[in-house]
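Containing mmCIF, C-alpha atoms and all ligand atoms: model_33.cif.
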```
data_my_file
loop_
_atom_site.label_atom_id
_atom_site.label_comp_id
_atom_site.auth_asym_id
_atom_site.auth_seq_id
_atom_site.Cartn_x
_atom_site.Cartn_y
_atom_site.Cartn_z
CA MET B 1 4.24 109.71 74.17
CA TYR B 2 5.52 107.25 76.73
CA LYS B 3 9.18 106.66 77.42
CA THR B 4 10.50 103.36 76.11
CA LYS B 5 13.88 101.69 75.70
CA ILE B 6 13.04 100.77 72.11
CA ASP B 7 15.82 101.82 69.72
CA LEU B 8 13.72 104.06 67.48
CA SER B 9 13.87 107.82 68.01
CA GLU B 10 10.88 109.70 69.38
CA LYS B 11 10.59 111.57 66.09
CA ILE B 12 10.34 108.34 64.09
CA ARG B 13 7.89 106.85 66.58
CA ARG B 14 5.69 109.94 66.51
CA ASN B 15 5.45 109.85 62.71
CA VAL B 16 4.82 106.11 62.57
CA ILE B 17 2.15 106.34 65.29
CA THR B 18 0.23 108.93 63.26
CA ILE B 19 0.28 106.60 60.25
CA LEU B 20 -0.81 103.64 62.39
CA ASN B 21 -3.65 105.56 64.08
CA ASP B 22 -4.91 106.69 60.66
CA ARG B 23 -4.99 103.09 59.40
CA LEU B 24 -6.52 101.95 62.73
CA ALA B 25 -9.41 104.38 62.23
CA GLU B 26 -10.00 103.09 58.72
CA ALA B 27 -9.82 99.46 59.83
CA ILE B 28 -12.43 100.10 62.56
CA ASP B 29 -14.67 101.88 60.05
CA LEU B 30 -14.16 99.08 57.49
CA GLN B 31 -14.92 96.31 59.99
CA SER B 32 -18.21 97.96 60.96
CA GLN B 33 -19.12 98.25 57.27
CA ILE B 34 -18.40 94.55 56.70
CA LYS B 35 -20.67 93.65 59.62
CA GLN B 36 -23.33 95.93 58.15
CA ALA B 37 -23.17 93.80 54.98
CA HIS B 38 -23.09 90.56 57.02
CA TRP B 39 -26.31 91.52 58.78
CA ASN B 40 -28.26 92.99 55.88
CA VAL B 41 -27.35 90.99 52.76
CA LYS B 42 -30.33 89.23 51.10
CA GLY B 43 -30.90 87.01 48.09
CA PRO B 44 -30.09 83.53 46.77
CA ASN B 45 -26.44 83.62 47.92
CA PHE B 46 -27.40 84.78 51.39
CA ILE B 47 -25.72 82.12 53.49
CA ALA B 48 -22.45 82.06 51.51
CA LEU B 49 -22.10 85.85 51.59
CA HIS B 50 -23.30 86.16 55.20
CA GLU B 51 -20.55 83.73 56.24
CA LEU B 52 -17.87 85.17 53.95
CA PHE B 53 -18.50 88.69 55.28
CA ASP B 54 -18.13 87.41 58.84
CA LYS B 55 -14.84 85.74 57.99
CA ILE B 56 -13.50 88.99 56.52
CA SER B 57 -14.75 90.91 59.55
CA ASP B 58 -12.80 88.53 61.84
CA ALA B 59 -9.63 89.10 59.78
CA VAL B 60 -10.04 92.87 60.02
CA LEU B 61 -10.64 92.63 63.79
CA GLU B 62 -7.24 90.96 64.09
CA GLN B 63 -5.68 93.73 62.02
CA ILE B 64 -7.28 96.33 64.30
CA ASP B 65 -5.69 94.68 67.32
CA ASP B 66 -2.30 94.45 65.62
CA LEU B 67 -2.36 98.11 64.52
CA ALA B 68 -3.41 99.33 67.97
CA GLU B 69 -0.79 97.25 69.75
CA ARG B 70 1.97 98.43 67.43
CA VAL B 71 1.01 102.00 68.44
CA THR B 72 1.34 101.13 72.12
CA SER B 73 4.56 99.16 71.50
CA LEU B 74 6.01 102.40 70.13
CA GLY B 75 4.99 104.34 73.22
CA GLY B 76 1.89 105.94 71.74
CA THR B 77 -1.80 105.96 72.59
CA ALA B 78 -3.99 103.81 70.36
CA GLU B 79 -6.88 106.02 69.30
CA GLY B 80 -9.37 103.28 68.65
CA THR B 81 -12.84 104.37 69.75
CA VAL B 82 -15.67 104.32 67.21
CA ALA B 83 -16.16 108.06 67.70
CA VAL B 84 -12.54 108.82 66.81
CA ALA B 85 -12.57 106.32 63.94
CA SER B 86 -15.63 107.93 62.44
CA LYS B 87 -13.99 111.38 62.45
CA ARG B 88 -10.60 110.16 61.27
CA SER B 89 -11.44 107.51 58.65
CA LYS B 90 -11.32 108.65 55.04
CA LEU B 91 -13.46 105.74 53.82
CA LYS B 92 -16.81 106.57 52.26
CA ASN B 93 -19.94 105.90 54.29
CA TYR B 94 -21.64 102.58 53.67
CA PRO B 95 -25.11 102.89 52.14
CA LEU B 96 -27.82 101.60 54.49
CA SER B 97 -30.38 100.98 51.75
CA ILE B 98 -28.72 98.19 49.73
CA THR B 99 -29.76 94.56 50.11
CA ALA B 100 -28.74 92.49 47.05
CA GLY B 101 -25.62 90.38 47.35
CA LYS B 102 -24.11 91.94 44.22
CA ASP B 103 -24.52 95.46 45.60
CA HIS B 104 -22.86 94.52 48.89
CA LEU B 105 -20.03 92.86 46.96
CA LEU B 106 -19.56 95.99 44.85
CA TYR B 107 -19.53 98.35 47.83
CA LEU B 108 -17.41 96.16 50.06
CA SER B 109 -14.85 95.52 47.32
CA THR B 110 -14.58 99.30 46.78
CA GLN B 111 -14.05 99.84 50.52
CA LEU B 112 -11.50 97.04 50.83
CA ALA B 113 -9.61 98.39 47.82
CA ALA B 114 -9.53 101.89 49.34
CA PHE B 115 -8.23 100.52 52.64
CA GLY B 116 -5.68 98.38 50.78
CA LYS B 117 -4.42 101.40 48.85
CA ALA B 118 -3.92 103.42 52.05
CA VAL B 119 -2.13 100.50 53.73
CA ARG B 120 0.15 99.95 50.74
CA ALA B 121 1.15 103.62 50.77
CA ALA B 122 1.79 103.35 54.53
CA ILE B 123 4.22 100.43 53.98
CA ASP B 124 6.55 102.74 52.03
CA GLU B 125 6.13 105.56 54.55
CA ALA B 126 7.06 103.28 57.47
CA ASP B 127 9.97 101.92 55.47
CA GLN B 128 11.26 105.42 54.70
CA LEU B 129 10.97 106.34 58.36
CA GLY B 130 13.20 103.37 59.23
CA ASP B 131 10.59 101.23 61.03
CA ALA B 132 10.90 97.87 59.27
CA ASP B 133 8.63 96.13 61.78
CA THR B 134 5.70 98.46 61.15
CA ALA B 135 6.36 98.12 57.40
CA ASP B 136 6.24 94.33 57.86
CA LEU B 137 3.01 94.50 59.87
CA LEU B 138 1.42 96.70 57.21
CA THR B 139 2.67 94.34 54.47
CA GLY B 140 0.85 91.45 56.14
CA ILE B 141 -2.32 93.52 56.43
CA SER B 142 -2.02 94.57 52.80
CA ARG B 143 -1.59 90.96 51.66
CA THR B 144 -4.67 89.79 53.61
CA THR B 145 -6.68 92.74 52.28
CA ASP B 146 -5.71 91.84 48.72
CA LYS B 147 -6.74 88.23 49.32
CA TYR B 148 -10.19 89.16 50.59
CA LEU B 149 -10.61 91.70 47.82
CA TRP B 150 -10.09 88.76 45.45
CA PHE B 151 -12.69 86.67 47.39
CA LEU B 152 -15.22 89.50 46.92
CA GLU B 153 -14.37 90.29 43.32
CA ALA B 154 -14.38 86.62 42.23
CA HIS B 155 -18.17 86.70 42.74
CA LEU B 156 -18.42 89.52 40.20
CA GLN B 157 -16.00 88.17 37.57
CA ASP B 158 -17.57 85.50 35.39
CA LYS B 159 -15.23 86.50 32.54
CA ALA B 160 -11.98 88.47 32.25
FE FE D 201 -23.31 87.26 62.89
#
```

I need this file expressed as structure tokens, please.
Amino acid sequence: MYKTKIDLSEKIRRNVITILNDRLAEAIDLQSQIKQAHWNVKGPNFIALHELFDKISDAVLEQIDDLAERVTSLGGTAEGTVAVASKRSKLKNYPLSITAGKDHLLYLSTQLAAFGKAVRAAIDEADQLGDADTADLLTGISRTTDKYLWFLEAHLQDKA
């Protein structure tokens, strides 16, 4: 932990940093999975899905940067290498064998939902720890995740 003049105690910062580094690991894992889908999707909706997956990947890349920089703003070390992310992320591994658009949509929506659930839980944790700014950051990430979950699921929902 680095010294900082920020008016949050070291104890609070330590706890929040752990939460942020956990979500950072998942975001890095998730972003690599979205790129995996972007590269390997096949079928009649190829170009639409290829481009949609890239757009979601860009959004998650921004979230990765925001999570990491909140860690360093709090005097912590952002633990954002792929090696660390792969050990720390609780997301399931992405299957390498799938090709059809529908299968990628199913897997990616499951992964986005799992990430969204972890982020939503982290909002309350940050709030309880008294770090409203981290709670706000996580709320923004959660809202964007929900939006892209809708973009993915809308392809699979022809009726309610
Ligand atoms: Fe690309």

All residues 8 Å or closer to Glu153 of chain B, all atoms listed in the file, same chain fewer than 4 positions away omitted, as a PyMOL selection string: chain B and resi 105-106+109+149+157

Pick from B:Glu125, B:Leu91, B:Phe151, B:Leu52 nearest to Gln111 of chain B, counting all atoms listed in the file: B:Leu91

Could you list, with a cut-off of 9 Å and counting only C-alpha atoms and all ligand atoms, the residues of chain B near ligand FE 201 (chain D), each shown with its nearest atom pair and the distance in Å rounded to one decimal, rows sorted by chain and ascending number, as a Markdown table?
```
| residue | atom | partner | partner_atom | distance |
| --- | --- | --- | --- | --- |
| B:Lys35 | CA | D:FE201 | FE | 7.6 |
| B:His38 | CA | D:FE201 | FE | 6.7 |
| B:Trp39 | CA | D:FE201 | FE | 6.6 |
| B:His50 | CA | D:FE201 | FE | 7.8 |
| B:Glu51 | CA | D:FE201 | FE | 8.0 |
| B:Asp54 | CA | D:FE201 | FE | 6.6 |
```

Selected residue, from B:His104, B:Arg143, B:Lys117, B:Lys92, that lies nearest to Asp29 of chain B when counting all atoms listed in the file: B:Lys92

Using all atoms listed in the file: which of B:Ile6, B:Ala25, B:Ile34, B:Leu74 has the shortest distance to Lys55 of chain B: B:Ile34

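Candidate residues B:Ala113, B:Leu24, B:Ile56, B:Ile19 were compared for distance to Val82 of chain B, and the nearest is B:Leu24, using only C-alpha atoms.
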
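Coordinates place atom CA of Phe53 of chain B at a distance of 9.5 Å from atom CA of Val41 of chain B.
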
If we count only C-alpha atoms and set the cut-off at 8 Å, which residues sit around Thr77 of chain B, ignoring sequence neighbours fewer than 5 positions away in its own chain? Please answer as an mmCIF file with C-alpha atoms, in the coordinates of the input.
```
data_model
loop_
_atom_site.group_PDB
_atom_site.id
_atom_site.type_symbol
_atom_site.label_atom_id
_atom_site.label_comp_id
_atom_site.auth_asym_id
_atom_site.auth_seq_id
_atom_site.Cartn_x
_atom_site.Cartn_y
_atom_site.Cartn_z
ATOM 1 C CA MET B 1 4.240 109.710 74.170
ATOM 2 C CA VAL B 71 1.010 102.000 68.440
ATOM 3 C CA THR B 72 1.340 101.130 72.120
#
```

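Atom CA of Lys5 of chain B lies 24.3 Å from atom CA of Gly80 of chain B.
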
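Nearest residue to Leu108 of chain B among B:Asp7, B:Lys87, B:Leu152, B:Glu69 is B:Leu152, counting all atoms listed in the file.
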
Residue contacts of Ala27 of chain B (7 Å, all atoms listed in the file) excluding same-chain residues fewer than 3 positions away, as a VMD selection string: chain B and resid 23 to 24 30 to 31 60 64

Separation of atom CA of Gln63 of chain B from atom CA of Gly140 of chain B, in Å and rounded to one decimal: 9.1 Å

For Ile141 of chain B, find every residue with an atom within 12 Å (counting all atoms listed in the file), except residues of its own chain fewer than 4 positions away, and show them as a PDB file with C-alpha atoms, in the coordinates of the input.
```pdb
ATOM      1  CA  LEU B  20      -0.810 103.640  62.390  1.00  0.00           C
ATOM      2  CA  ARG B  23      -4.990 103.090  59.400  1.00  0.00           C
ATOM      3  CA  LEU B  24      -6.520 101.950  62.730  1.00  0.00           C
ATOM      4  CA  ALA B  27      -9.820  99.460  59.830  1.00  0.00           C
ATOM      5  CA  ALA B  59      -9.630  89.100  59.780  1.00  0.00           C
ATOM      6  CA  VAL B  60     -10.040  92.870  60.020  1.00  0.00           C
ATOM      7  CA  LEU B  61     -10.640  92.630  63.790  1.00  0.00           C
ATOM      8  CA  GLU B  62      -7.240  90.960  64.090  1.00  0.00           C
ATOM      9  CA  GLN B  63      -5.680  93.730  62.020  1.00  0.00           C
ATOM     10  CA  ILE B  64      -7.280  96.330  64.300  1.00  0.00           C
ATOM     11  CA  ASP B  65      -5.690  94.680  67.320  1.00  0.00           C
ATOM     12  CA  ASP B  66      -2.300  94.450  65.620  1.00  0.00           C
ATOM     13  CA  LEU B  67      -2.360  98.110  64.520  1.00  0.00           C
ATOM     14  CA  LEU B 112     -11.500  97.040  50.830  1.00  0.00           C
ATOM     15  CA  PHE B 115      -8.230 100.520  52.640  1.00  0.00           C
ATOM     16  CA  GLY B 116      -5.680  98.380  50.780  1.00  0.00           C
ATOM     17  CA  LYS B 117      -4.420 101.400  48.850  1.00  0.00           C
ATOM     18  CA  ALA B 118      -3.920 103.420  52.050  1.00  0.00           C
ATOM     19  CA  VAL B 119      -2.130 100.500  53.730  1.00  0.00           C
ATOM     20  CA  ARG B 120       0.150  99.950  50.740  1.00  0.00           C
ATOM     21  CA  ALA B 122       1.790 103.350  54.530  1.00  0.00           C
ATOM     22  CA  ILE B 123       4.220 100.430  53.980  1.00  0.00           C
ATOM     23  CA  THR B 134       5.700  98.460  61.150  1.00  0.00           C
ATOM     24  CA  ALA B 135       6.360  98.120  57.400  1.00  0.00           C
ATOM     25  CA  ASP B 136       6.240  94.330  57.860  1.00  0.00           C
ATOM     26  CA  LEU B 137       3.010  94.500  59.870  1.00  0.00           C
ATOM     27  CA  THR B 145      -6.680  92.740  52.280  1.00  0.00           C
ATOM     28  CA  ASP B 146      -5.710  91.840  48.720  1.00  0.00           C
ATOM     29  CA  LYS B 147      -6.740  88.230  49.320  1.00  0.00           C
ATOM     30  CA  TYR B 148     -10.190  89.160  50.590  1.00  0.00           C
TER      31      TYR B 148
END
```

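Among B:Val16, B:Asp158, B:Ala48, B:Leu96, the residue with the shortest atom-to-atom distance to Leu138 of chain B, counting only C-alpha atoms, is B:Val16.
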
Since fewer atoms than expected are present, regenerate all heavy atoms for segment 110-121 of chain B and write them as a JSON list (two decimals), in the frame of the given file.
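Written out: selection-v5.json:
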```
[["chain", "number", "residue", "atom", "x", "y", "z"],
["B", 110, "THR", "N", -15.08, 97.91, 46.91],
["B", 110, "THR", "CA", -14.58, 99.30, 46.78],
["B", 110, "THR", "C", -13.93, 99.75, 48.09],
["B", 110, "THR", "O", -12.85, 100.36, 48.09],
["B", 110, "THR", "CB", -15.75, 100.25, 46.43],
["B", 110, "THR", "OG1", -16.31, 99.80, 45.20],
["B", 110, "THR", "CG2", -15.29, 101.69, 46.30],
["B", 111, "GLN", "N", -14.56, 99.42, 49.21],
["B", 111, "GLN", "CA", -14.05, 99.84, 50.52],
["B", 111, "GLN", "C", -12.75, 99.11, 50.86],
["B", 111, "GLN", "O", -11.80, 99.72, 51.36],
["B", 111, "GLN", "CB", -15.09, 99.59, 51.62],
["B", 111, "GLN", "CG", -16.46, 100.21, 51.37],
["B", 111, "GLN", "CD", -16.42, 101.71, 51.25],
["B", 111, "GLN", "OE1", -15.87, 102.24, 50.29],
["B", 111, "GLN", "NE2", -16.99, 102.41, 52.20],
["B", 112, "LEU", "N", -12.71, 97.81, 50.57],
["B", 112, "LEU", "CA", -11.50, 97.04, 50.83],
["B", 112, "LEU", "C", -10.34, 97.55, 49.98],
["B", 112, "LEU", "O", -9.20, 97.64, 50.44],
["B", 112, "LEU", "CB", -11.73, 95.55, 50.55],
["B", 112, "LEU", "CG", -11.54, 94.64, 51.76],
["B", 112, "LEU", "CD1", -12.72, 94.78, 52.70],
["B", 112, "LEU", "CD2", -11.40, 93.17, 51.35],
["B", 113, "ALA", "N", -10.65, 97.88, 48.72],
["B", 113, "ALA", "CA", -9.61, 98.39, 47.82],
["B", 113, "ALA", "C", -9.07, 99.73, 48.32],
["B", 113, "ALA", "O", -7.86, 99.98, 48.27],
["B", 113, "ALA", "CB", -10.16, 98.52, 46.40],
["B", 114, "ALA", "N", -9.96, 100.59, 48.82],
["B", 114, "ALA", "CA", -9.53, 101.89, 49.34],
["B", 114, "ALA", "C", -8.64, 101.71, 50.57],
["B", 114, "ALA", "O", -7.60, 102.37, 50.71],
["B", 114, "ALA", "CB", -10.74, 102.76, 49.68],
["B", 115, "PHE", "N", -9.04, 100.81, 51.45],
["B", 115, "PHE", "CA", -8.23, 100.52, 52.64],
["B", 115, "PHE", "C", -6.88, 99.95, 52.21],
["B", 115, "PHE", "O", -5.83, 100.36, 52.71],
["B", 115, "PHE", "CB", -8.98, 99.54, 53.55],
["B", 115, "PHE", "CG", -8.22, 99.12, 54.77],
["B", 115, "PHE", "CD1", -7.85, 100.04, 55.74],
["B", 115, "PHE", "CD2", -7.85, 97.79, 54.97],
["B", 115, "PHE", "CE1", -7.13, 99.66, 56.87],
["B", 115, "PHE", "CE2", -7.15, 97.39, 56.11],
["B", 115, "PHE", "CZ", -6.79, 98.32, 57.05],
["B", 116, "GLY", "N", -6.91, 99.01, 51.26],
["B", 116, "GLY", "CA", -5.68, 98.38, 50.78],
["B", 116, "GLY", "C", -4.72, 99.40, 50.18],
["B", 116, "GLY", "O", -3.51, 99.32, 50.40],
["B", 117, "LYS", "N", -5.26, 100.37, 49.47],
["B", 117, "LYS", "CA", -4.42, 101.40, 48.85],
["B", 117, "LYS", "C", -3.73, 102.24, 49.94],
["B", 117, "LYS", "O", -2.53, 102.53, 49.84],
["B", 117, "LYS", "CB", -5.31, 102.30, 47.96],
["B", 117, "LYS", "CG", -4.54, 103.35, 47.20],
["B", 117, "LYS", "CD", -5.46, 104.19, 46.33],
["B", 117, "LYS", "CE", -4.63, 105.27, 45.64],
["B", 117, "LYS", "NZ", -5.45, 106.20, 44.88],
["B", 118, "ALA", "N", -4.49, 102.61, 50.96],
["B", 118, "ALA", "CA", -3.92, 103.42, 52.05],
["B", 118, "ALA", "C", -2.85, 102.63, 52.81],
["B", 118, "ALA", "O", -1.81, 103.17, 53.20],
["B", 118, "ALA", "CB", -5.03, 103.87, 53.00],
["B", 119, "VAL", "N", -3.11, 101.33, 53.02],
["B", 119, "VAL", "CA", -2.13, 100.50, 53.73],
["B", 119, "VAL", "C", -0.87, 100.34, 52.90],
["B", 119, "VAL", "O", 0.25, 100.43, 53.42],
["B", 119, "VAL", "CB", -2.74, 99.11, 54.09],
["B", 119, "VAL", "CG1", -1.68, 98.18, 54.66],
["B", 119, "VAL", "CG2", -3.87, 99.27, 55.09],
["B", 120, "ARG", "N", -1.02, 100.12, 51.60],
["B", 120, "ARG", "CA", 0.15, 99.95, 50.74],
["B", 120, "ARG", "C", 1.03, 101.21, 50.76],
["B", 120, "ARG", "O", 2.25, 101.12, 50.81],
["B", 120, "ARG", "CB", -0.27, 99.60, 49.31],
["B", 120, "ARG", "CG", 0.73, 98.71, 48.59],
["B", 120, "ARG", "CD", 0.34, 98.39, 47.15],
["B", 120, "ARG", "NE", -1.03, 97.97, 46.96],
["B", 120, "ARG", "CZ", -1.49, 96.75, 47.26],
["B", 120, "ARG", "NH1", -0.70, 95.84, 47.75],
["B", 120, "ARG", "NH2", -2.76, 96.45, 47.05],
["B", 121, "ALA", "N", 0.39, 102.37, 50.72],
["B", 121, "ALA", "CA", 1.15, 103.62, 50.77],
["B", 121, "ALA", "C", 1.87, 103.73, 52.12],
["B", 121, "ALA", "O", 3.01, 104.22, 52.20],
["B", 121, "ALA", "CB", 0.22, 104.81, 50.56]]
```
